[in-house]
$ cat model.txt   # compact mmCIF, C-alpha atoms
# COMPACT_ATOMS: atom_id res chain seq x y z
CA MET D 1 6.20 0.98 25.66
CA ASN D 2 2.45 0.49 25.96
CA ASP D 3 1.93 3.94 27.44
CA THR D 4 -0.59 5.54 25.07
CA LEU D 5 -4.30 5.48 25.92
CA TYR D 6 -6.97 6.12 23.29
CA LEU D 7 -10.48 6.80 24.63
CA ASP D 8 -13.08 5.91 22.03
CA CYS D 9 -16.14 7.83 23.25
CA PHE D 10 -18.72 6.54 20.75
CA ALA D 11 -21.40 6.65 23.49
CA GLY D 12 -19.95 9.56 25.45
CA ILE D 13 -17.94 9.50 28.66
CA SER D 14 -18.57 9.64 32.41
CA GLY D 15 -16.40 9.17 35.46
CA ASP D 16 -17.62 5.66 36.25
CA MET D 17 -17.35 4.53 32.62
CA THR D 18 -13.74 5.75 32.47
CA VAL D 19 -12.75 3.89 35.64
CA GLY D 20 -14.60 0.77 34.47
CA ALA D 21 -12.75 0.83 31.15
CA LEU D 22 -9.33 1.10 32.84
CA LEU D 23 -10.20 -1.67 35.29
CA ASP D 24 -11.17 -3.73 32.24
CA CYS D 25 -7.67 -3.05 30.88
CA GLY D 26 -6.20 -4.93 33.82
CA VAL D 27 -6.13 -2.78 36.97
CA SER D 28 -7.03 -4.84 40.05
CA VAL D 29 -10.03 -3.57 41.99
CA GLU D 30 -8.29 -4.74 45.19
CA ILE D 31 -5.30 -2.49 44.46
CA LEU D 32 -7.67 0.35 43.62
CA GLN D 33 -9.50 -0.08 46.91
CA GLU D 34 -6.23 -0.20 48.83
CA LYS D 35 -4.97 3.03 47.27
CA LEU D 36 -8.31 4.82 47.72
CA ALA D 37 -7.90 4.33 51.46
CA ALA D 38 -5.29 7.12 51.30
CA ILE D 39 -8.18 9.63 51.22
CA GLU D 40 -9.81 10.53 54.54
CA LEU D 41 -13.24 9.74 53.16
CA THR D 42 -15.70 7.26 54.65
CA GLY D 43 -19.27 6.16 54.14
CA TYR D 44 -18.95 4.61 50.70
CA ARG D 45 -18.25 1.27 49.05
CA ILE D 46 -17.05 0.44 45.55
CA SER D 47 -17.75 -2.51 43.30
CA ALA D 48 -16.61 -3.62 39.87
CA VAL D 49 -18.72 -6.18 38.04
CA ARG D 50 -17.92 -7.64 34.64
CA ASP D 51 -21.15 -8.07 32.68
CA GLN D 52 -22.48 -7.39 29.18
CA ALA D 53 -23.90 -4.51 27.19
CA ALA D 54 -25.29 -5.36 23.75
CA SER D 55 -23.43 -8.73 23.88
CA LEU D 56 -20.08 -7.00 24.61
CA ALA D 57 -18.31 -7.87 27.86
CA ALA D 58 -17.57 -4.78 29.94
CA THR D 59 -16.78 -3.67 33.48
CA SER D 60 -19.35 -1.70 35.45
CA PHE D 61 -17.81 0.43 38.22
CA LYS D 62 -20.09 1.70 40.96
CA VAL D 63 -19.70 3.85 44.07
CA GLU D 64 -22.50 3.55 46.61
CA ASP D 65 -23.12 5.76 49.63
CA ALA D 66 -23.18 3.90 52.93
CA GLU D 67 -24.12 7.08 54.77
CA GLU D 68 -25.33 10.57 53.92
CA GLN D 69 -22.60 12.75 52.42
CA PRO D 70 -22.39 16.55 52.69
CA ALA D 71 -22.39 18.86 49.70
CA ARG D 72 -18.86 20.21 49.28
CA HIS D 73 -17.26 23.40 48.01
CA TRP D 74 -14.17 23.31 45.79
CA SER D 75 -12.07 24.47 48.74
CA ASP D 76 -13.30 21.47 50.78
CA ILE D 77 -12.43 18.99 48.04
CA LYS D 78 -9.01 20.56 47.42
CA GLN D 79 -8.22 20.37 51.13
CA LEU D 80 -9.38 16.73 51.22
CA LEU D 81 -7.10 15.80 48.30
CA THR D 82 -4.14 17.92 49.41
CA GLY D 83 -4.19 16.37 52.87
CA SER D 84 -4.49 12.79 51.59
CA ARG D 85 -1.75 10.16 51.51
CA LEU D 86 -2.11 9.67 47.75
CA ASN D 87 1.04 9.57 45.61
CA ASP D 88 1.94 13.05 44.39
CA PRO D 89 1.22 12.36 40.67
CA VAL D 90 -2.21 10.91 41.56
CA LYS D 91 -2.95 13.81 43.88
CA GLU D 92 -1.88 16.41 41.30
CA MET D 93 -3.98 14.82 38.53
CA ALA D 94 -7.09 14.59 40.70
CA ILE D 95 -6.73 18.23 41.78
CA ALA D 96 -6.20 19.31 38.16
CA ILE D 97 -9.38 17.52 37.01
CA PHE D 98 -11.44 19.03 39.82
CA SER D 99 -9.93 22.44 39.04
CA THR D 100 -11.22 22.10 35.46
CA LEU D 101 -14.67 21.40 36.87
CA ALA D 102 -14.51 24.26 39.38
CA LYS D 103 -13.50 26.84 36.76
CA ALA D 104 -16.38 25.79 34.50
CA GLU D 105 -18.91 25.91 37.36
CA ALA D 106 -17.61 29.31 38.47
CA LYS D 107 -18.01 30.68 34.95
CA ILE D 108 -21.56 29.48 34.38
CA HIS D 109 -22.77 30.44 37.89
CA ASN D 110 -20.82 33.73 38.03
CA CYS D 111 -19.04 33.16 41.34
CA PRO D 112 -15.42 32.93 42.56
CA VAL D 113 -13.76 29.56 41.94
CA GLU D 114 -13.07 28.87 45.62
CA GLN D 115 -16.76 29.42 46.42
CA VAL D 116 -18.07 26.98 43.84
CA HIS D 117 -20.63 24.80 45.59
CA PHE D 118 -20.52 21.35 44.01
CA HIS D 119 -23.68 19.27 44.07
CA GLU D 120 -23.57 16.13 41.95
CA VAL D 121 -19.83 16.46 41.23
CA GLY D 122 -19.09 17.14 44.89
CA ALA D 123 -20.76 13.93 46.00
CA VAL D 124 -18.59 11.07 47.14
CA ASP D 125 -19.07 9.09 43.91
CA SER D 126 -17.56 11.86 41.76
CA ILE D 127 -14.62 12.30 44.14
CA ILE D 128 -13.94 8.57 44.05
CA ASP D 129 -14.40 8.42 40.24
CA ILE D 130 -11.80 11.14 39.67
CA VAL D 131 -9.27 9.82 42.17
CA ALA D 132 -9.81 6.23 40.95
CA PHE D 133 -9.11 7.36 37.37
CA ALA D 134 -5.85 8.99 38.47
CA ILE D 135 -4.85 5.81 40.34
CA CYS D 136 -5.61 3.59 37.32
CA TYR D 137 -3.68 6.01 35.08
CA GLU D 138 -0.60 5.55 37.25
CA GLU D 139 -1.06 1.78 37.63
CA LEU D 140 -1.20 1.26 33.85
CA GLY D 141 1.87 3.43 33.24
CA ILE D 142 0.00 5.79 30.91
CA LYS D 143 2.02 8.72 29.57
CA ARG D 144 -0.32 10.24 26.99
CA VAL D 145 -4.04 10.24 26.22
CA VAL D 146 -5.79 10.80 22.90
CA ALA D 147 -9.60 10.93 22.74
CA SER D 148 -12.22 10.80 20.02
CA PRO D 149 -14.55 13.76 19.29
CA GLN D 150 -17.46 13.93 21.74
CA PRO D 151 -21.12 13.16 20.88
CA MET D 152 -23.54 15.94 21.83
CA PRO D 153 -27.22 15.01 22.39
CA GLY D 154 -30.31 17.21 22.83
CA GLY D 155 -33.08 17.23 25.38
CA THR D 156 -32.84 18.16 29.06
CA VAL D 157 -31.44 16.77 32.30
CA SER D 158 -32.71 17.23 35.85
CA CYS D 159 -30.10 18.18 38.47
CA ALA D 160 -29.66 20.20 41.67
CA HIS D 161 -29.90 23.43 39.63
CA GLY D 162 -33.24 22.36 38.10
CA LEU D 163 -33.98 21.35 34.51
CA LEU D 164 -31.02 22.12 32.25
CA PRO D 165 -30.51 21.71 28.48
CA LEU D 166 -28.26 19.01 27.11
CA PRO D 167 -25.36 19.10 26.70
CA ALA D 168 -25.20 20.41 30.26
CA PRO D 169 -23.86 23.99 30.53
CA ALA D 170 -20.80 22.79 32.48
CA VAL D 171 -20.03 20.28 29.71
CA CYS D 172 -20.24 23.00 27.04
CA GLU D 173 -17.92 25.25 29.07
CA ILE D 174 -15.39 22.47 29.70
CA LEU D 175 -15.32 21.22 26.11
CA LYS D 176 -14.41 24.55 24.52
CA GLU D 177 -11.91 23.91 21.69
CA VAL D 178 -12.66 20.16 21.81
CA PRO D 179 -14.18 18.67 18.62
CA VAL D 180 -17.80 17.55 19.05
CA TYR D 181 -20.65 16.34 16.83
CA GLY D 182 -24.43 16.18 17.23
CA VAL D 183 -26.42 12.97 17.72
CA ASP D 184 -30.17 12.42 17.56
CA LEU D 185 -30.61 11.42 21.21
CA LYS D 186 -32.28 13.09 24.17
CA GLN D 187 -30.16 11.44 26.86
CA GLU D 188 -27.03 12.66 28.62
CA LEU D 189 -23.92 11.14 27.04
CA VAL D 190 -21.05 13.30 28.30
CA THR D 191 -21.18 14.16 32.01
CA PRO D 192 -19.30 17.10 33.57
CA THR D 193 -16.95 14.65 35.33
CA GLY D 194 -16.23 12.77 32.11
CA ALA D 195 -15.70 16.04 30.22
CA ALA D 196 -13.30 17.30 32.90
CA ILE D 197 -11.25 14.10 32.78
CA ILE D 198 -10.63 14.17 29.03
CA LYS D 199 -10.17 17.96 28.85
CA THR D 200 -7.52 17.75 31.57
CA VAL D 201 -5.56 14.69 30.44
CA ALA D 202 -6.05 14.37 26.66
CA GLU D 203 -3.25 15.92 24.62
CA SER D 204 -5.26 15.73 21.37
CA PHE D 205 -8.64 14.72 19.93
CA GLY D 206 -9.33 12.85 16.73
CA PRO D 207 -9.37 9.37 15.17
CA PHE D 208 -7.18 6.49 16.31
CA PRO D 209 -3.50 7.46 16.13
CA SER D 210 -1.04 5.14 14.43
CA MET D 211 -0.52 2.67 17.26
CA THR D 212 -0.20 -1.02 18.13
CA PHE D 213 -2.89 -2.31 20.49
CA ALA D 214 -1.86 -4.11 23.69
CA ARG D 215 -5.05 -4.05 25.78
CA VAL D 216 -8.66 -3.10 25.08
CA GLY D 217 -11.15 -2.46 27.88
CA TYR D 218 -14.82 -1.44 28.01
CA GLY D 219 -16.49 0.56 30.77
CA ARG D 220 -20.26 0.28 31.01
CA GLY D 221 -22.63 3.18 31.65
CA SER D 222 -25.58 2.89 33.99
CA ARG D 223 -28.40 3.41 31.46
CA GLU D 224 -29.62 1.90 28.20
CA LEU D 225 -29.49 4.27 25.24
CA ALA D 226 -32.63 4.84 23.19
CA ASP D 227 -30.95 4.48 19.78
CA GLY D 228 -29.63 0.99 20.58
CA ARG D 229 -25.92 1.80 20.70
CA PRO D 230 -24.13 0.06 23.59
CA ASN D 231 -23.57 2.50 26.45
CA LEU D 232 -19.85 1.79 26.63
CA LEU D 233 -16.56 3.64 26.70
CA ARG D 234 -13.72 1.84 24.91
CA ALA D 235 -10.19 2.28 26.25
CA VAL D 236 -7.33 1.12 24.03
CA LEU D 237 -3.87 0.91 25.55
CA GLY D 238 -0.83 0.44 23.36
CA ARG D 239 2.25 2.01 21.89
CA LEU D 240 2.54 4.66 19.22
CA ASN D 241 4.04 3.59 15.91
CA LYS D 242 6.86 5.63 14.46
CA VAL D 243 5.43 7.57 11.53
CA GLU D 244 7.97 8.34 8.82
CA GLU D 245 5.89 10.98 7.07
CA ALA D 246 4.00 13.92 8.50
CA GLN D 247 0.28 13.29 8.97
CA GLU D 248 -0.57 16.95 8.44
CA ILE D 249 0.95 19.40 5.97
CA GLU D 250 0.35 23.02 5.13
CA VAL D 251 -0.39 23.87 1.51
CA ILE D 252 0.45 27.36 0.27
CA ASP D 253 -0.61 28.44 -3.20
CA CYS D 254 -0.86 31.68 -5.15
CA ASN D 255 -1.38 33.05 -8.66
CA LEU D 256 1.35 35.27 -10.12
CA ASP D 257 0.38 37.42 -13.09
CA ASP D 258 2.94 38.07 -15.85
CA TRP D 259 5.79 36.27 -14.02
CA SER D 260 8.72 35.07 -16.09
CA PRO D 261 9.17 31.28 -15.54
CA GLU D 262 12.96 31.61 -15.79
CA GLY D 263 13.01 32.51 -12.11
CA PHE D 264 11.19 29.35 -11.05
CA PRO D 265 14.26 27.08 -10.57
CA LEU D 266 15.88 29.60 -8.21
CA LEU D 267 12.59 30.06 -6.32
CA ALA D 268 12.11 26.28 -6.00
CA GLU D 269 15.66 25.89 -4.70
CA LYS D 270 15.11 28.54 -2.04
CA LEU D 271 11.74 27.02 -0.97
CA PHE D 272 13.26 23.55 -0.61
CA ALA D 273 16.05 25.04 1.48
CA LEU D 274 13.40 26.49 3.80
CA GLY D 275 11.83 23.04 4.32
CA ALA D 276 9.19 22.72 1.60
CA LEU D 277 8.20 19.10 0.89
CA ASP D 278 7.38 19.85 -2.73
CA VAL D 279 7.19 22.80 -5.11
CA ALA D 280 5.07 22.84 -8.27
CA LEU D 281 4.33 25.35 -11.01
CA ALA D 282 1.22 25.11 -13.21
CA PRO D 283 0.65 27.64 -16.05
CA ILE D 284 -2.86 29.14 -16.12
$ encode --input "model.txt" --output "structure tokens"
Amino acid sequence: MNDTLYLDCFAGISGDMTVGALLDCGVSVEILQEKLAAIELTGYRISAVRDQAASLAATSFKVEDAEEQPARHWSDIKQLLTGSRLNDPVKEMAIAIFSTLAKAEAKIHNCPVEQVHFHEVGAVDSIIDIVAFAICYEELGIKRVVASPQPMPGGTVSCAHGLLPLPAPAVCEILKEVPVYGVDLKQELVTPTGAAIIKTVAESFGPFPSMTFARVGYGRGSRELADGRPNLLRAVLGRLNKVEEAQEIEVIDCNLDDWSPEGFPLLAEKLFALGALDVALAPI
């Protein structure tokens, strides 16, 4: 089954880029709009436009405010999602992603989780991005997600808390134990929403797994990047290939002083019986 999603984050990840990439994989924006109506949330409109970034066709997903939206606490957002008519799996995934965000914000601002006051991520666009991702996940029949390591830029970003260093503190908190690498850019690449999505749903991080591609989609970011790389997120949907040999092994070695080699055949036999793939002896 084509139920494995690989997120190739060569230019980072954000909520809108993730939704755009999954729409580009074949989810209908009309179905998305219909299912989003299950949330008691008004004063916004969504659009999905297929255009180009660095000559590559991609889908740009946007959420626009039609009226002023209030800042929301985590308890407000959880109540909004819990009381919605969303399917249970969609509801549970959206709550889990927001919970990842709330825990990170609580840690860096030293306050109880329920009292976390969301600013940018509490705005209607972030709520819609997260719920829309969960809807697309269900529509595409995704069962597992693997993501690439995340690019970490430098510089600063201006937000409701003032001028903050990049990567944003919430991103650093969320991406603990996730592989990252530095890039020579002073623009935000990984947003807190994007970080929360992959931290919550990705079962592993690394290069492309052994898989057969079925669909490839690109989600476009809202800004041009200074180093010329296309501001895109690539989503690859397909099925995992059966791998006959292990992709990772553990190697155990030691030096034994004055050991009689006559005992080696018995030792090798016992090690093979315990599951060793190979046993070797080299005189030194």
$ residues_near_point --input "model.txt" --point "(-16.9, 0.8, 41.4)" --cutoff "7 Å" --atoms "only C-alpha atoms" --output "list of chain:residue names"
D:Ile46, D:Ser47, D:Ala48, D:Ser60, D:Phe61, D:Lys62, D:Val63
$ closest_residue --input "model.txt" --among "D:Val201, D:Cys172, D:Ile142, D:Ala235" --to "Glu92 in chain D" --atoms "all atoms listed in the file"
D:Val201
$ residues_around --input "model.txt" --residues "Ser158 in chain D" --least-positions-apart "5" --cutoff "12 Å" --atoms "all atoms listed in the file" --output "PyMOL selection string"
chain D and resi 120+163-168+187-188
$ atom_distance --input "model.txt" --atom1 "CA of Gly26 in chain D" --atom2 "CA of Val90 in chain D"
18.1 Å
$ residues_around --input "model.txt" --residues "Glu40 in chain D" --least-positions-apart "6" --cutoff "12 Å" --atoms "all atoms listed in the file" --output "list in words"
Ile77, Gln79, Leu80, Leu81, Thr82, Gly83, Ser84, Arg85, Leu86, Val124, Ile127 and Ile128 of chain D
$ atom_distance --input "model.txt" --atom1 "CA of Lys143 in chain D" --atom2 "CA of Leu5 in chain D"
8.0 Å
$ atom_distance --input "model.txt" --atom1 "CA of Ser99 in chain D" --atom2 "CA of Pro192 in chain D"
12.1 Å
$ closest_residue --input "model.txt" --among "D:Glu203, D:Thr42, D:Ala170, D:Glu269" --to "Thr191 in chain D" --atoms "all atoms listed in the file"
D:Ala170
$ residues_near_point --input "model.txt" --point "(-23.8, 1.1, 17.5)" --cutoff "10 Å" --atoms "only C-alpha atoms" --output "ChimeraX atom specification"
/D:10-11,54,227-232
$ closest_residue --input "model.txt" --among "D:Glu173, D:Glu139, D:Glu248, D:Asp125" --to "Ser28 in chain D" --atoms "all atoms listed in the file"
D:Glu139
$ closest_residue --input "model.txt" --among "D:Ala282, D:Ala71, D:Met93, D:Val178" --to "Gln150 in chain D" --atoms "all atoms listed in the file"
D:Val178
$ closest_residue --input "model.txt" --among "D:Cys254, D:Leu271, D:Ala214, D:Ile31" --to "Tyr6 in chain D" --atoms "all atoms listed in the file"
D:Ala214
$ closest_residue --input "model.txt" --among "D:Glu105, D:Met1, D:Lys270, D:Arg50" --to "Tyr218 in chain D" --atoms "only C-alpha atoms"
D:Arg50
$ build_atoms --input "model.txt" --residues "range 225-251 of chain D" --atoms "N, CA, C and O atoms" --output "tab-separated table (two decimals), in the coordinates of the input"
chain	number	residue	atom	x	y	z
D	225	LEU	N	-29.30	3.15	26.15
D	225	LEU	CA	-29.49	4.27	25.24
D	225	LEU	C	-30.60	3.98	24.25
D	225	LEU	O	-30.73	2.86	23.74
D	226	ALA	N	-31.41	5.02	23.98
D	226	ALA	CA	-32.63	4.84	23.19
D	226	ALA	C	-32.37	4.44	21.75
D	226	ALA	O	-33.22	3.82	21.11
D	227	ASP	N	-31.20	4.80	21.20
D	227	ASP	CA	-30.95	4.48	19.78
D	227	ASP	C	-30.31	3.10	19.60
D	227	ASP	O	-29.97	2.72	18.48
D	228	GLY	N	-30.13	2.36	20.69
D	228	GLY	CA	-29.63	0.99	20.58
D	228	GLY	C	-28.13	0.84	20.66
D	228	GLY	O	-27.62	-0.28	20.75
D	229	ARG	N	-27.38	1.93	20.62
D	229	ARG	CA	-25.92	1.80	20.70
D	229	ARG	C	-25.54	1.34	22.12
D	229	ARG	O	-26.19	1.74	23.09
D	230	PRO	N	-24.55	0.50	22.25
D	230	PRO	CA	-24.13	0.06	23.59
D	230	PRO	C	-23.57	1.24	24.38
D	230	PRO	O	-22.76	2.00	23.86
D	231	ASN	N	-24.02	1.38	25.61
D	231	ASN	CA	-23.57	2.50	26.45
D	231	ASN	C	-22.23	2.14	27.07
D	231	ASN	O	-22.12	1.80	28.25
D	232	LEU	N	-21.19	2.22	26.24
D	232	LEU	CA	-19.85	1.79	26.63
D	232	LEU	C	-18.82	2.86	26.27
D	232	LEU	O	-19.00	3.61	25.31
D	233	LEU	N	-17.76	2.86	27.03
D	233	LEU	CA	-16.56	3.64	26.70
D	233	LEU	C	-15.45	2.64	26.41
D	233	LEU	O	-15.20	1.74	27.23
D	234	ARG	N	-14.80	2.76	25.27
D	234	ARG	CA	-13.72	1.84	24.91
D	234	ARG	C	-12.37	2.50	25.18
D	234	ARG	O	-12.10	3.62	24.72
D	235	ALA	N	-11.55	1.81	25.95
D	235	ALA	CA	-10.19	2.28	26.25
D	235	ALA	C	-9.20	1.35	25.57
D	235	ALA	O	-9.23	0.14	25.79
D	236	VAL	N	-8.34	1.91	24.75
D	236	VAL	CA	-7.33	1.12	24.03
D	236	VAL	C	-5.95	1.56	24.50
D	236	VAL	O	-5.59	2.74	24.38
D	237	LEU	N	-5.21	0.62	25.04
D	237	LEU	CA	-3.87	0.91	25.55
D	237	LEU	C	-2.85	0.26	24.62
D	237	LEU	O	-3.00	-0.90	24.24
D	238	GLY	N	-1.85	1.00	24.25
D	238	GLY	CA	-0.83	0.44	23.36
D	238	GLY	C	0.34	1.37	23.20
D	238	GLY	O	0.55	2.28	24.01
D	239	ARG	N	1.09	1.16	22.15
D	239	ARG	CA	2.25	2.01	21.89
D	239	ARG	C	2.10	2.69	20.53
D	239	ARG	O	1.57	2.10	19.58
D	240	LEU	N	2.58	3.91	20.47
D	240	LEU	CA	2.54	4.66	19.22
D	240	LEU	C	3.53	4.07	18.23
D	240	LEU	O	4.63	3.65	18.60
D	241	ASN	N	3.13	4.02	16.97
D	241	ASN	CA	4.04	3.59	15.91
D	241	ASN	C	4.81	4.80	15.39
D	241	ASN	O	4.28	5.91	15.32
D	242	LYS	N	6.05	4.56	15.04
D	242	LYS	CA	6.86	5.63	14.46
D	242	LYS	C	6.35	5.92	13.06
D	242	LYS	O	6.25	5.04	12.21
D	243	VAL	N	5.97	7.16	12.83
D	243	VAL	CA	5.43	7.57	11.53
D	243	VAL	C	6.53	8.30	10.77
D	243	VAL	O	7.08	9.29	11.23
D	244	GLU	N	6.87	7.78	9.59
D	244	GLU	CA	7.97	8.34	8.82
D	244	GLU	C	7.60	9.63	8.12
D	244	GLU	O	8.43	10.48	7.88
D	245	GLU	N	6.31	9.78	7.76
D	245	GLU	CA	5.89	10.98	7.07
D	245	GLU	C	4.93	11.78	7.94
D	245	GLU	O	4.23	11.22	8.78
D	246	ALA	N	4.90	13.07	7.74
D	246	ALA	CA	4.00	13.92	8.50
D	246	ALA	C	2.55	13.56	8.17
D	246	ALA	O	2.21	13.26	7.02
D	247	GLN	N	1.69	13.59	9.18
D	247	GLN	CA	0.28	13.29	8.97
D	247	GLN	C	-0.51	14.54	8.59
D	247	GLN	O	-1.63	14.45	8.11
D	248	GLU	N	0.07	15.70	8.83
D	248	GLU	CA	-0.57	16.95	8.44
D	248	GLU	C	0.46	17.82	7.73
D	248	GLU	O	1.62	17.89	8.14
D	249	ILE	N	0.06	18.48	6.66
D	249	ILE	CA	0.95	19.40	5.97
D	249	ILE	C	0.20	20.70	5.72
D	249	ILE	O	-1.03	20.75	5.76
D	250	GLU	N	0.94	21.73	5.48
D	250	GLU	CA	0.35	23.02	5.13
D	250	GLU	C	0.59	23.27	3.65
D	250	GLU	O	1.71	23.11	3.16
D	251	VAL	N	-0.48	23.61	2.95
D	251	VAL	CA	-0.39	23.87	1.51
D	251	VAL	C	-0.52	25.38	1.28
D	251	VAL	O	-1.48	26.00	1.72
